[in-house]
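Engineer: Dumping the structure here so I can ask a few things about it.
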Amino acid sequence: MDTHLDLDQFIAAVELLRHPELRGIPVVVGGSGDPTQPRTVAATATYEAREHGIHSGMPLRTALRRCPEAVFLPSDPPAYEAASERVMAVLREFPIAVEVWGWDEAFLGATTDNPEALAADLQHAVRARTHLDCSIGIGDNKHQAKLASAFAKPAGIHRLTSDNWAETMNERPTDALWGIGARISKKLAALGLHTVAQLATADPADLARHFGPTNGPWYRYLALGKGEAEVVTTPWIARGHSRETTFQHDLTDRADLAYHVTTLAEQVTQDAREAGREITRVTVKVRTTPFLTRTRQSTLPAPTTDPATITRTALTILDRHDLTRPVRLLGVAVDYTMPDQ
DNA sequence: TCTGGGGTCCTAGGACCC
DNA sequence: TCTGGGGTCCTAGGACCC
């Protein structure tokens, strides 16, 4: 039996623990906390802020317009990281497998006759030790458990297994599945596949023709409620790493672009060194007005952690971009060598 | 609603080689 | 030279997720 644990309103909850006086009023977290700053979006919004139509991903300036009396707090990733680690430590004290999935989620593998009782124990322990609420989903695999935890919100427990999959999911739109978003859902709808039930009975060869040999059949697999069941506890080895910056005002001067690419390349190389990883490929991302994103990349002749090599490569790649339009974002990404290669 | 930052995986097409 | 077929690597972009 797999379970998925999802902390409720994680970032907002951590902030409200630090600022109890803000309970009950609209709070928006994001950027440096200055809602007049352009090109900054909300990381999260409290329930009270949501009632004003504010949601995560919304530009802070829009949020401010919708709710001028809202309190805006800066995003504080180290604080969320620390809170997350406290929660994961509580989970690891249980005789269960823990697969950390971002800051505020974890998959848990357990052998038990009574998963609801285990889930309640976990909720009580997390609440007692961290003052944070979580929702827990129970399923036959991680996909089912993940969807179940959403049904469990707030602070509840829900079971979604193959026994009640069809009755729960069949009439829902395809983007209710974990792994199908708005784009694929729209393409599926254009093929007459609107619901999970319709996708589940679609022809796999048909899907493969439209979505590729891996993705097509996989979508049908998701619609049948199937998915990976193994909870992996071994630490994740990152495939790569990146840093990017959106500028509050567009850049047009090539010297400015070169300066920022150099800084990003140096940061990324330093990150790689600290992680003890070697770089095999460099990608430079450029987003111009009107929100057009392009990437250029180059594979290195040999893996390296030499800052000069990475910087030089990044600058050469930058010159392969069309830089005739104002630039709003620059990014440098690298791929790492993987062990056993 | 003028639209963040950091990831992962898949696909299609071209280059190149045998 | 009118040109087969397969394998592999590389690049650029798309889609999804937290």
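Lettering and numbering for the structure tokens are positional, with chains as A, B, ... in the shown order, residues counted from 1 in each chain, and ligands counted from 1 in the shown order.
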If you count only C-alpha atoms (C1' of nucleotides), which residues fall within 9 Å of DT1 of chain B, apart from same-chain ones fewer than 3 positions away, as a VMD selection string?
Structural biologist: chain A and resid 58 to 59 62 to 63
Engineer: List the spatial neighbours of segment 4-17 of chain C as JSON, numbers by chain - criterion: any atom at most 8 Å away, only C-alpha atoms (C1' of nucleotides), same-chain residues fewer than 3 positions off excluded.
Structural biologist: {"A": [179, 180, 181, 183, 184, 295, 296, 297, 299]}
Engineer: Can you check which residues of segment 53-123 of chain A DSSP gives as helix (DSSP H, G or I) on the backbone and send them as a VMD selection string?
Structural biologist: chain A and resid 60 to 66 77 to 92 115 to 123
Engineer: Any chance you can output those residues with N, CA, C and O atoms as a compact mmCIF listing (two decimals), in the first residue's frame?
Structural biologist:
# COMPACT_ATOMS: atom_id res chain seq x y z
N LEU A 60 2.40 39.83 -8.49
CA LEU A 60 2.12 40.53 -7.22
C LEU A 60 1.35 41.83 -7.47
O LEU A 60 0.50 42.20 -6.67
N ARG A 61 1.66 42.49 -8.56
CA ARG A 61 0.98 43.76 -8.84
C ARG A 61 -0.51 43.53 -9.07
O ARG A 61 -1.33 44.36 -8.69
N THR A 62 -0.84 42.42 -9.69
CA THR A 62 -2.26 42.08 -9.88
C THR A 62 -2.91 41.76 -8.54
O THR A 62 -4.03 42.18 -8.26
N ALA A 63 -2.17 41.01 -7.71
CA ALA A 63 -2.69 40.66 -6.38
C ALA A 63 -2.96 41.92 -5.56
O ALA A 63 -3.99 42.02 -4.88
N LEU A 64 -2.03 42.87 -5.67
CA LEU A 64 -2.19 44.13 -4.93
C LEU A 64 -3.44 44.87 -5.40
O LEU A 64 -4.20 45.42 -4.59
N ARG A 65 -3.67 44.86 -6.71
CA ARG A 65 -4.84 45.53 -7.25
C ARG A 65 -6.12 44.86 -6.75
O ARG A 65 -7.09 45.51 -6.41
N ARG A 66 -6.07 43.52 -6.67
CA ARG A 66 -7.29 42.79 -6.26
C ARG A 66 -7.55 42.92 -4.77
O ARG A 66 -8.70 42.78 -4.33
N PRO A 77 13.08 30.82 1.04
CA PRO A 77 13.32 29.40 0.78
C PRO A 77 14.08 28.67 1.90
O PRO A 77 13.71 27.53 2.23
N PRO A 78 15.12 29.25 2.51
CA PRO A 78 15.81 28.50 3.57
C PRO A 78 14.88 28.11 4.72
O PRO A 78 15.02 27.03 5.31
N ALA A 79 13.93 28.99 5.05
CA ALA A 79 12.99 28.69 6.13
C ALA A 79 12.09 27.51 5.74
O ALA A 79 11.79 26.64 6.58
N TYR A 80 11.69 27.46 4.47
CA TYR A 80 10.81 26.36 4.03
C TYR A 80 11.60 25.06 3.99
O TYR A 80 11.08 23.99 4.33
N GLU A 81 12.85 25.18 3.57
CA GLU A 81 13.72 24.00 3.54
C GLU A 81 13.87 23.41 4.95
O GLU A 81 13.77 22.20 5.15
N ALA A 82 14.09 24.31 5.93
CA ALA A 82 14.28 23.85 7.31
C ALA A 82 13.00 23.20 7.84
O ALA A 82 13.04 22.14 8.48
N ALA A 83 11.86 23.82 7.57
CA ALA A 83 10.58 23.26 8.04
C ALA A 83 10.33 21.91 7.38
O ALA A 83 9.87 20.96 8.02
N SER A 84 10.66 21.83 6.10
CA SER A 84 10.48 20.58 5.36
C SER A 84 11.31 19.46 5.99
O SER A 84 10.83 18.34 6.18
N GLU A 85 12.55 19.79 6.34
CA GLU A 85 13.41 18.77 6.93
C GLU A 85 12.89 18.29 8.28
O GLU A 85 13.02 17.12 8.62
N ARG A 86 12.28 19.20 9.03
CA ARG A 86 11.71 18.79 10.32
C ARG A 86 10.57 17.80 10.10
O ARG A 86 10.45 16.80 10.81
N VAL A 87 9.74 18.07 9.09
CA VAL A 87 8.63 17.17 8.80
C VAL A 87 9.15 15.80 8.34
O VAL A 87 8.70 14.75 8.83
N MET A 88 10.12 15.81 7.42
CA MET A 88 10.63 14.54 6.89
C MET A 88 11.28 13.72 8.01
O MET A 88 11.21 12.49 8.01
N ALA A 89 11.92 14.41 8.96
CA ALA A 89 12.54 13.70 10.09
C ALA A 89 11.49 12.99 10.92
O ALA A 89 11.71 11.86 11.39
N VAL A 90 10.34 13.63 11.10
CA VAL A 90 9.25 12.99 11.85
C VAL A 90 8.79 11.72 11.12
O VAL A 90 8.61 10.66 11.72
N LEU A 91 8.64 11.83 9.79
CA LEU A 91 8.17 10.68 9.01
C LEU A 91 9.15 9.51 9.10
O LEU A 91 8.75 8.35 9.18
N ARG A 92 10.44 9.85 9.12
CA ARG A 92 11.46 8.78 9.12
C ARG A 92 11.52 8.04 10.45
O ARG A 92 12.16 7.00 10.55
N PRO A 115 -4.16 1.13 6.92
CA PRO A 115 -3.44 2.33 6.49
C PRO A 115 -4.04 3.62 7.02
O PRO A 115 -3.32 4.59 7.26
N GLU A 116 -5.37 3.62 7.22
CA GLU A 116 -5.99 4.84 7.76
C GLU A 116 -5.48 5.15 9.16
O GLU A 116 -5.25 6.32 9.51
N ALA A 117 -5.28 4.09 9.96
CA ALA A 117 -4.77 4.31 11.32
C ALA A 117 -3.35 4.83 11.28
O ALA A 117 -2.98 5.74 12.02
N LEU A 118 -2.55 4.26 10.38
CA LEU A 118 -1.18 4.75 10.22
C LEU A 118 -1.18 6.21 9.78
O LEU A 118 -0.42 7.05 10.31
N ALA A 119 -2.04 6.53 8.82
CA ALA A 119 -2.12 7.91 8.32
C ALA A 119 -2.49 8.87 9.45
O ALA A 119 -1.90 9.96 9.57
N ALA A 120 -3.42 8.47 10.29
CA ALA A 120 -3.83 9.34 11.41
C ALA A 120 -2.67 9.52 12.38
O ALA A 120 -2.44 10.63 12.89
N ASP A 121 -1.93 8.44 12.63
CA ASP A 121 -0.75 8.54 13.51
C ASP A 121 0.26 9.53 12.94
O ASP A 121 0.84 10.34 13.66
N LEU A 122 0.48 9.44 11.62
CA LEU A 122 1.43 10.34 10.97
C LEU A 122 0.97 11.80 11.10
O LEU A 122 1.76 12.69 11.42
N GLN A 123 -0.30 12.01 10.85
CA GLN A 123 -0.82 13.38 10.94
C GLN A 123 -0.65 13.95 12.35
O GLN A 123 -0.24 15.11 12.51
Engineer: Kindly assemble as JSON lines a list of the chain A residues that lie within 9 Å of chain B, each paired with its nearest atom pair and their distance in Å to one decimal, using only C-alpha atoms (C1' of nucleotides), sorted first by chain and then by ascending residue number.
Structural biologist:
{"residue": "A:Gly31", "atom": "CA", "partner": "B:DG4", "partner_atom": "C1'", "distance": 8.3}
{"residue": "A:Arg39", "atom": "CA", "partner": "B:DT3", "partner_atom": "C1'", "distance": 7.6}
{"residue": "A:Thr40", "atom": "CA", "partner": "B:DG4", "partner_atom": "C1'", "distance": 6.4}
{"residue": "A:Val41", "atom": "CA", "partner": "B:DG4", "partner_atom": "C1'", "distance": 6.1}
{"residue": "A:Ala42", "atom": "CA", "partner": "B:DG4", "partner_atom": "C1'", "distance": 8.5}
{"residue": "A:Ala43", "atom": "CA", "partner": "B:DG4", "partner_atom": "C1'", "distance": 8.5}
{"residue": "A:Gly57", "atom": "CA", "partner": "B:DG4", "partner_atom": "C1'", "distance": 7.8}
{"residue": "A:Met58", "atom": "CA", "partner": "B:DT1", "partner_atom": "C1'", "distance": 6.1}
{"residue": "A:Pro59", "atom": "CA", "partner": "B:DT1", "partner_atom": "C1'", "distance": 6.7}
{"residue": "A:Thr62", "atom": "CA", "partner": "B:DT1", "partner_atom": "C1'", "distance": 6.5}
{"residue": "A:Ala63", "atom": "CA", "partner": "B:DT1", "partner_atom": "C1'", "distance": 8.9}
{"residue": "A:Phe211", "atom": "CA", "partner": "B:DT11", "partner_atom": "C1'", "distance": 8.9}
{"residue": "A:Gly212", "atom": "CA", "partner": "B:DT11", "partner_atom": "C1'", "distance": 7.1}
{"residue": "A:Thr214", "atom": "CA", "partner": "B:DC10", "partner_atom": "C1'", "distance": 7.7}
{"residue": "A:Asn215", "atom": "CA", "partner": "B:DC10", "partner_atom": "C1'", "distance": 7.4}
{"residue": "A:Ala238", "atom": "CA", "partner": "B:DG7", "partner_atom": "C1'", "distance": 8.7}
{"residue": "A:Arg239", "atom": "CA", "partner": "B:DT8", "partner_atom": "C1'", "distance": 8.2}
{"residue": "A:Gly240", "atom": "CA", "partner": "B:DG7", "partner_atom": "C1'", "distance": 8.3}
{"residue": "A:His241", "atom": "CA", "partner": "B:DG7", "partner_atom": "C1'", "distance": 7.8}
{"residue": "A:Ser242", "atom": "CA", "partner": "B:DG6", "partner_atom": "C1'", "distance": 6.9}
{"residue": "A:Arg243", "atom": "CA", "partner": "B:DG6", "partner_atom": "C1'", "distance": 7.6}
{"residue": "A:Glu244", "atom": "CA", "partner": "B:DG5", "partner_atom": "C1'", "distance": 7.0}
{"residue": "A:Thr245", "atom": "CA", "partner": "B:DG5", "partner_atom": "C1'", "distance": 8.1}
{"residue": "A:Thr246", "atom": "CA", "partner": "B:DG4", "partner_atom": "C1'", "distance": 7.6}
{"residue": "A:Pro290", "atom": "CA", "partner": "B:DC2", "partner_atom": "C1'", "distance": 8.9}
{"residue": "A:Phe291", "atom": "CA", "partner": "B:DT3", "partner_atom": "C1'", "distance": 8.1}
Engineer: Env of segment 317-319 of chain A: 9 Å cut, atoms = only C-alpha atoms (C1' of nucleotides), seq-sep filter 6 positions within chain, self excluded. Answer as a PDB file with C-alpha atoms, in the first residue's frame.
Structural biologist:
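Dumped to selection-v1.pdb:
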ATOM      1  CA  LEU A 257      23.963  40.317 -21.482  1.00  0.00           C
ATOM      2  CA  ALA A 258      27.530  39.006 -21.474  1.00  0.00           C
ATOM      3  CA  VAL A 261      25.655  35.194 -18.578  1.00  0.00           C
ATOM      4  CA  VAL A 282      25.957  23.866 -21.284  1.00  0.00           C
ATOM      5  CA  THR A 283      22.630  25.451 -22.297  1.00  0.00           C
ATOM      6  CA  VAL A 284      21.951  29.168 -22.516  1.00  0.00           C
ATOM      7  CA  LYS A 285      18.324  30.281 -22.347  1.00  0.00           C
ATOM      8  CA  VAL A 286      17.146  33.647 -23.615  1.00  0.00           C
ATOM      9  CA  ARG A 296      21.048  26.983 -27.515  1.00  0.00           C
ATOM     10  CA  GLN A 297      23.315  24.313 -26.141  1.00  0.00           C
ATOM     11  CA  SER A 298      26.665  22.726 -26.645  1.00  0.00           C
TER      12      SER A 298
END
Engineer: Please run DSSP on the backbone and report, as an MDAnalysis selection string, all residues within segment 94-201 of chain A that come out as strand (DSSP E or B).
Structural biologist: chainID A and resid 97:100 105:109 134:139 157:160 173 195
